[in-house]
file start29.txt (compact mmCIF, C-alpha atoms)
# COMPACT_ATOMS: atom_id res chain seq x y z
CA MET A 1 7.67 19.63 -12.43
CA GLU A 2 5.21 21.38 -10.10
CA VAL A 3 7.58 21.06 -7.14
CA LEU A 4 10.58 22.32 -9.10
CA ALA A 5 8.61 25.35 -10.31
CA ASP A 6 7.31 26.31 -6.85
CA HIS A 7 9.18 29.53 -6.01
CA ASN A 8 7.39 29.88 -2.68
CA GLU A 9 9.67 27.23 -1.21
CA SER A 10 13.42 27.19 -0.73
CA ALA A 11 15.59 24.61 -2.43
CA ALA A 12 15.92 22.80 0.91
CA GLN A 13 12.13 22.67 1.37
CA ARG A 14 11.66 21.29 -2.14
CA TYR A 15 14.29 18.63 -1.49
CA LEU A 16 12.59 17.59 1.73
CA ARG A 17 9.22 17.32 -0.02
CA MET A 18 10.47 15.44 -3.10
CA PHE A 19 12.98 13.06 -1.55
CA VAL A 20 12.64 12.83 2.22
CA GLY A 21 8.87 13.23 2.55
CA GLU A 22 9.21 14.82 6.00
CA LYS A 23 10.07 18.35 7.08
CA SER A 24 12.18 17.70 10.18
CA MET A 25 15.96 18.04 10.22
CA ALA A 26 16.19 14.71 12.06
CA ALA A 27 14.44 12.99 9.14
CA LEU A 28 16.79 14.71 6.68
CA VAL A 29 19.90 13.63 8.57
CA ARG A 30 18.64 10.04 8.88
CA TYR A 31 17.77 9.91 5.18
CA GLU A 32 21.11 11.35 4.06
CA LEU A 33 23.21 9.16 6.32
CA LEU A 34 21.48 5.89 5.53
CA THR A 35 20.99 6.32 1.80
CA GLY A 36 24.30 8.10 1.27
CA LEU A 37 26.46 5.66 3.21
CA LEU A 38 24.63 2.37 2.80
CA GLY A 39 22.90 2.81 -0.58
CA PRO A 40 26.03 2.41 -2.74
CA MET A 41 27.78 -0.09 -0.45
CA PRO A 42 28.70 -3.23 -2.44
CA GLY A 43 28.73 -6.89 -1.52
CA ALA A 44 27.26 -8.92 1.30
CA LEU A 45 28.03 -6.23 3.88
CA GLY A 46 25.91 -3.73 1.95
CA TYR A 47 22.97 -6.14 1.77
CA LEU A 48 23.29 -6.92 5.48
CA LEU A 49 23.47 -3.31 6.65
CA ARG A 50 20.60 -2.16 4.44
CA SER A 51 18.46 -5.03 5.73
CA GLN A 52 19.22 -3.99 9.30
CA CYS A 53 19.00 -0.21 8.94
CA TYR A 54 16.46 0.56 6.20
CA PRO A 55 13.50 -0.27 8.48
CA TRP A 56 14.37 3.05 10.15
CA LEU A 57 13.56 4.77 6.84
CA LEU A 58 10.58 2.84 5.50
CA HIS A 59 7.02 2.76 6.76
CA HIS A 60 7.36 -1.02 6.98
CA MET A 61 9.99 -3.56 5.95
CA GLY A 62 9.20 -7.23 6.43
CA ARG A 63 11.31 -10.23 7.40
CA GLY A 64 13.88 -11.48 4.92
CA THR A 65 13.58 -8.44 2.67
CA VAL A 66 16.76 -7.32 0.91
CA VAL A 67 17.63 -4.09 -0.87
CA GLY A 68 20.20 -4.03 -3.67
CA ARG A 69 22.94 -1.56 -4.36
CA GLY A 70 21.99 1.91 -5.59
CA VAL A 71 18.27 1.57 -4.84
CA VAL A 72 16.58 4.99 -4.70
CA LEU A 73 13.85 5.54 -2.11
CA ARG A 74 11.92 8.80 -2.44
CA CYS A 75 9.70 9.65 0.51
CA PRO A 76 10.48 6.28 2.15
CA GLY A 77 8.07 6.83 5.03
CA ARG A 78 5.24 6.18 2.53
CA ILE A 79 6.73 2.90 1.26
CA SER A 80 5.87 -0.51 2.74
CA LEU A 81 7.66 -3.74 1.82
CA GLY A 82 6.32 -7.15 2.84
CA ASP A 83 8.25 -10.29 3.78
CA HIS A 84 10.94 -11.71 1.48
CA VAL A 85 10.91 -8.84 -1.01
CA MET A 86 13.93 -8.44 -3.28
CA LEU A 87 14.74 -5.03 -4.73
CA ASP A 88 17.48 -5.53 -7.30
CA ASP A 89 20.19 -2.94 -7.94
CA LEU A 90 19.17 0.53 -9.14
CA VAL A 91 15.44 0.13 -8.50
CA VAL A 92 13.56 3.40 -7.87
CA LEU A 93 10.56 3.54 -5.52
CA ASP A 94 9.05 7.03 -5.60
CA ALA A 95 6.11 7.98 -3.36
CA LYS A 96 6.17 11.75 -3.60
CA GLY A 97 3.03 13.67 -2.67
CA ASP A 98 1.39 13.81 0.74
CA ASP A 99 -1.28 11.23 -0.18
CA SER A 100 1.00 8.80 -2.01
CA GLN A 101 1.69 5.23 -0.96
CA VAL A 102 3.72 2.38 -2.42
CA THR A 103 2.69 -0.94 -0.86
CA ILE A 104 4.41 -4.17 -1.90
CA GLY A 105 3.26 -7.57 -0.62
CA ASP A 106 5.18 -10.72 0.30
CA GLN A 107 7.63 -12.61 -1.91
CA VAL A 108 7.95 -9.95 -4.59
CA LEU A 109 10.93 -9.50 -6.92
CA ILE A 110 11.51 -6.13 -8.57
CA GLY A 111 14.18 -6.35 -11.26
CA ARG A 112 17.18 -4.15 -11.88
CA SER A 113 16.58 -0.52 -12.90
CA SER A 114 12.80 -0.74 -12.64
CA ILE A 115 10.94 2.42 -11.59
CA LEU A 116 7.73 2.54 -9.56
CA SER A 117 6.72 6.18 -9.38
CA CYS A 118 3.55 7.85 -8.13
CA ASN A 119 2.56 11.44 -7.45
CA GLN A 120 -0.40 12.02 -5.12
CA ALA A 121 -1.33 8.43 -5.95
CA SER A 122 -0.96 4.80 -4.89
CA ILE A 123 0.80 1.72 -6.20
CA ARG A 124 -0.33 -1.55 -4.59
CA ILE A 125 1.25 -4.90 -5.44
CA GLY A 126 0.05 -8.26 -4.12
CA ASN A 127 1.98 -11.40 -3.14
CA PHE A 128 4.17 -13.69 -5.26
CA VAL A 129 4.79 -11.09 -7.97
CA SER A 130 7.78 -10.98 -10.33
CA ILE A 131 8.61 -7.68 -12.03
CA GLY A 132 11.40 -7.86 -14.60
CA PRO A 133 14.19 -5.37 -15.21
CA PHE A 134 13.59 -1.94 -16.76
CA VAL A 135 9.85 -1.92 -15.98
CA HIS A 136 8.27 1.52 -15.50
CA PHE A 137 5.16 2.24 -13.44
CA ALA A 138 3.96 5.86 -13.74
CA CYS A 139 0.91 6.63 -11.63
CA LYS A 140 -1.20 9.72 -11.04
CA SER A 141 -4.11 7.90 -9.35
CA LEU A 142 -3.88 4.12 -8.75
CA VAL A 143 -2.03 1.09 -10.04
CA GLU A 144 -3.17 -2.13 -8.39
CA VAL A 145 -1.54 -5.47 -9.19
CA GLY A 146 -2.94 -8.73 -7.85
CA SER A 147 -1.06 -11.82 -6.64
CA HIS A 148 0.82 -14.45 -8.65
CA VAL A 149 1.53 -11.90 -11.40
CA GLN A 150 4.49 -11.91 -13.80
CA ILE A 151 5.54 -8.69 -15.52
CA GLY A 152 8.25 -9.07 -18.18
CA SER A 153 11.22 -6.83 -18.81
CA GLY A 154 10.69 -3.40 -20.33
CA VAL A 155 6.94 -3.24 -19.62
CA GLN A 156 5.41 0.25 -19.38
CA ILE A 157 2.43 0.75 -17.06
CA MET A 158 1.16 4.28 -17.64
CA ALA A 159 -1.68 5.31 -15.32
CA GLY A 160 -1.93 8.92 -16.39
CA SER A 161 -1.86 11.35 -19.29
CA HIS A 162 -2.36 15.03 -20.12
CA ALA A 163 -5.38 16.79 -21.50
CA SER A 164 -4.64 18.22 -24.96
CA ASP A 165 -7.87 20.01 -25.87
CA ASP A 166 -6.40 23.53 -26.17
CA PRO A 167 -3.77 23.79 -28.94
CA ASP A 168 -2.69 27.23 -27.67
CA ILE A 169 -1.55 25.93 -24.25
CA PRO A 170 1.51 23.67 -23.93
CA ILE A 171 0.35 20.12 -23.26
CA THR A 172 2.54 19.93 -20.15
CA GLN A 173 0.55 22.82 -18.66
CA GLN A 174 -2.87 21.28 -19.27
CA GLU A 175 -4.81 19.15 -16.81
CA ARG A 176 -3.33 15.83 -15.70
CA LEU A 177 -5.77 12.96 -16.26
CA SER A 178 -5.75 9.53 -14.66
CA GLU A 179 -8.32 6.76 -14.26
CA GLY A 180 -5.89 4.13 -12.92
CA ILE A 181 -4.90 0.59 -13.90
CA VAL A 182 -6.01 -2.63 -12.20
CA MET A 183 -4.62 -6.13 -12.79
CA GLY A 184 -6.23 -9.24 -11.33
CA ASP A 185 -4.50 -12.34 -10.00
CA ASN A 186 -2.51 -14.81 -12.11
CA VAL A 187 -1.75 -12.34 -14.91
CA TRP A 188 1.27 -12.54 -17.21
CA ILE A 189 2.43 -9.40 -19.02
CA GLY A 190 4.94 -10.19 -21.78
CA ALA A 191 8.16 -8.25 -22.33
CA SER A 192 7.94 -4.68 -23.67
CA ALA A 193 4.13 -4.53 -23.47
CA THR A 194 2.47 -1.19 -22.69
CA ILE A 195 -0.61 -0.89 -20.46
CA LEU A 196 -2.39 2.44 -20.85
CA ASP A 197 -4.50 4.41 -18.38
CA GLY A 198 -8.03 3.30 -17.57
CA VAL A 199 -7.42 -0.40 -18.29
CA THR A 200 -8.50 -3.36 -16.15
CA ILE A 201 -6.84 -6.70 -16.90
CA GLY A 202 -8.94 -9.62 -15.71
CA SER A 203 -7.54 -12.47 -13.62
CA GLY A 204 -5.91 -15.31 -15.51
CA SER A 205 -5.10 -13.21 -18.58
CA ILE A 206 -1.95 -13.07 -20.70
CA VAL A 207 -0.74 -9.99 -22.58
CA GLY A 208 1.62 -10.89 -25.41
CA ALA A 209 5.08 -9.35 -25.71
CA GLY A 210 5.10 -5.92 -27.31
CA SER A 211 1.32 -5.49 -27.12
CA VAL A 212 -0.30 -2.12 -26.42
CA VAL A 213 -3.38 -2.49 -24.20
CA ASN A 214 -5.79 0.46 -24.40
CA LYS A 215 -9.04 -1.20 -23.28
CA ASP A 216 -10.18 -3.70 -20.68
CA VAL A 217 -9.09 -7.33 -20.98
CA PRO A 218 -11.70 -9.95 -19.95
CA PRO A 219 -10.61 -12.64 -17.46
CA ASP A 220 -8.72 -15.65 -18.84
CA SER A 221 -7.97 -13.95 -22.15
CA LEU A 222 -4.90 -13.99 -24.37
CA VAL A 223 -4.45 -10.61 -26.04
CA LEU A 224 -1.93 -9.64 -28.72
CA GLY A 225 -1.09 -6.73 -30.95
CA ASN A 226 -1.20 -2.93 -31.17
CA PRO A 227 -3.87 -2.20 -30.19
CA ALA A 228 -4.22 -5.47 -28.29
CA ARG A 229 -7.16 -7.70 -29.19
CA VAL A 230 -8.46 -10.92 -27.70
CA VAL A 231 -7.27 -13.94 -29.70
CA LYS A 232 -8.20 -16.70 -27.27
CA ASN A 233 -10.16 -17.50 -24.14
CA ARG A 234 -7.91 -19.74 -22.06
CA ARG A 235 -10.83 -21.66 -20.54
CA LYS A 236 -12.52 -22.61 -23.78
CA THR A 237 -11.54 -25.96 -25.25
CA LYS A 238 -10.55 -26.26 -28.89
call {"tool": "encode", "arguments": {"input": "start29.txt", "output": "structure tokens"}}
result
Amino acid sequence: MEVLADHNESAAQRYLRMFVGEKSMAALVRYELLTGLLGPMPGALGYLLRSQCYPWLLHHMGRGTVVGRGVVLRCPGRISLGDHVMLDDLVVLDAKGDDSQVTIGDQVLIGRSSILSCNQASIRIGNFVSIGPFVHFACKSLVEVGSHVQIGSGVQIMAGSHASDDPDIPITQQERLSEGIVMGDNVWIGASATILDGVTIGSGSIVGAGSVVNKDVPPDSLVLGNPARVVKNRRKTK
């Protein structure tokens, strides 16, 4: 919203800042050619050409990494993909903002139509992570996900909100707030769960499907409900 409302820049400058992430015409031409020609290309040829050519766009792209059809890369020079990453069709990776970074480790699957979006922020994902389809990361500070993590379909990870103290000012015009979200290793987030800003989820924990997590989850806990509450410690015997 802030970029779209900035009348001190031309439409071309706003496009460069929001999508390309660089100001040079060479970067614009490279971005347009590669994403425009190769992004929608179907079949094995599309996978092959994106694997060969997208390293020219990204900050880093590891061995054996494949990019599906229709994947959207915003500010790709701030995006790093490890080895053997799979981006399914229609995934969005958005790293707008000069200080933003999206860093994805090795052997990570990001499911169809998932969105990982940050604005002047960072998203960091460890190794051996599975992210289901239609997952949404929204980040205004930091989202950090450990290794050996499973995130089910339709999960919402919301690391940011708006202040709402003044009823006479539209909420969208009040201060943006964000404390960040951190997940440890060996975490399982069930389908359609929501993780709210400021939450830390301890290693070894499970969040039940449809739960809404608004406070920290201790390690090795099973939490369920809205709001989520601890129903079991996985290390305690019956």
call {"tool": "atom_distance", "arguments": {"input": "start29.txt", "atom1": "CA of Pro76 in chain A", "atom2": "CA of Arg124 in chain A"}}
result
15.0 Å
call {"tool": "atom_distance", "arguments": {"input": "start29.txt", "atom1": "CA of Phe128 in chain A", "atom2": "CA of Ser80 in chain A"}}
result
15.5 Å
call {"tool": "atom_distance", "arguments": {"input": "start29.txt", "atom1": "CA of His59 in chain A", "atom2": "CA of Leu196 in chain A"}}
result
29.2 Å
call {"tool": "residues_around", "arguments": {"input": "start29.txt", "residues": "range 31-41 of chain A", "least_positions_apart": "5", "cutoff": "6 Å", "atoms": "only C-alpha atoms", "output": "ChimeraX atom specification"}}
result
/A:46,69-70
call {"tool": "closest_atom_pairs", "arguments": {"input": "start29.txt", "of": "range 101-179 of chain A", "to": "range 205-213 of chain A", "cutoff": "10 Å", "atoms": "all atoms listed in the file", "output": "CSV"}}
result
residue,atom,partner,partner_atom,distance
A:Val149,CA,A:Ser205,CA,9.9
A:Gln150,CA,A:Ile206,CA,9.5
A:Ile151,CA,A:Val207,CA,9.5
A:Gly152,CA,A:Ala209,CA,8.2
A:Ser153,CA,A:Ala209,CA,9.6
A:Gly154,CA,A:Gly210,CA,9.3
A:Val155,CA,A:Gly210,CA,8.3
A:Gln156,CA,A:Val212,CA,9.4
A:Ile157,CA,A:Val213,CA,9.8
call {"tool": "residues_around", "arguments": {"input": "start29.txt", "residues": "Val143 in chain A", "least_positions_apart": "4", "cutoff": "7 Å", "atoms": "all atoms listed in the file", "output": "PyMOL selection string"}}
result
chain A and resi 122-124+139+159+180-182
call {"tool": "closest_residue", "arguments": {"input": "start29.txt", "among": "A:Ala44, A:Leu57, A:Val67, A:Leu224", "to": "Val29 in chain A", "atoms": "all atoms listed in the file"}}
result
A:Leu57
call {"tool": "residues_around", "arguments": {"input": "start29.txt", "residues": "range 161-168 of chain A", "least_positions_apart": "2", "cutoff": "12 Å", "atoms": "all atoms listed in the file", "output": "ChimeraX atom specification"}}
result
/A:138-141,157-159,170-180,196-198
call {"tool": "closest_residue", "arguments": {"input": "start29.txt", "among": "A:Gly68, A:Gly184, A:Gly62, A:Pro133", "to": "Ile104 in chain A", "atoms": "all atoms listed in the file"}}
result
A:Gly62
call {"tool": "closest_residue", "arguments": {"input": "start29.txt", "among": "A:Val223, A:Leu87, A:Met25, A:Ala95", "to": "Arg50 in chain A", "atoms": "only C-alpha atoms"}}
result
A:Leu87
call {"tool": "residues_around", "arguments": {"input": "start29.txt", "residues": "Ser100 in chain A", "least_positions_apart": "2", "cutoff": "10 Å", "atoms": "only C-alpha atoms", "output": "list in words"}}
result
Cys75, Arg78, Ile79, Asp94, Ala95, Lys96, Gly97, Asp98, Val102, Thr103, Ser117, Cys118, Asn119, Gln120, Ala121, Ser122, Ile123, Cys139, Lys140, Ser141 and Leu142 of chain A
call {"tool": "axis_aligned_box", "arguments": {"input": "start29.txt", "around": "range 69-87 of chain A", "padding_each_side": "3 Å", "output": "lines of an AutoDock Vina configuration file"}}
result
center_x = 14.1
center_y = -1.0
center_z = -0.3
size_x = 23.7
size_y = 27.4
size_z = 16.6
call {"tool": "residues_around", "arguments": {"input": "start29.txt", "residues": "Asn233 in chain A", "least_positions_apart": "4", "cutoff": "8 Å", "atoms": "all atoms listed in the file", "output": "VMD selection string"}}
result
chain A and resid 220 to 222
call {"tool": "closest_residue", "arguments": {"input": "start29.txt", "among": "A:Arg14, A:Ala191, A:Gly77, A:Tyr47", "to": "Met61 in chain A", "atoms": "all atoms listed in the file"}}
result
A:Gly77
call {"tool": "closest_residue", "arguments": {"input": "start29.txt", "among": "A:Ala26, A:Leu109, A:Ile189, A:Met183", "to": "Ser203 in chain A", "atoms": "only C-alpha atoms"}}
result
A:Met183
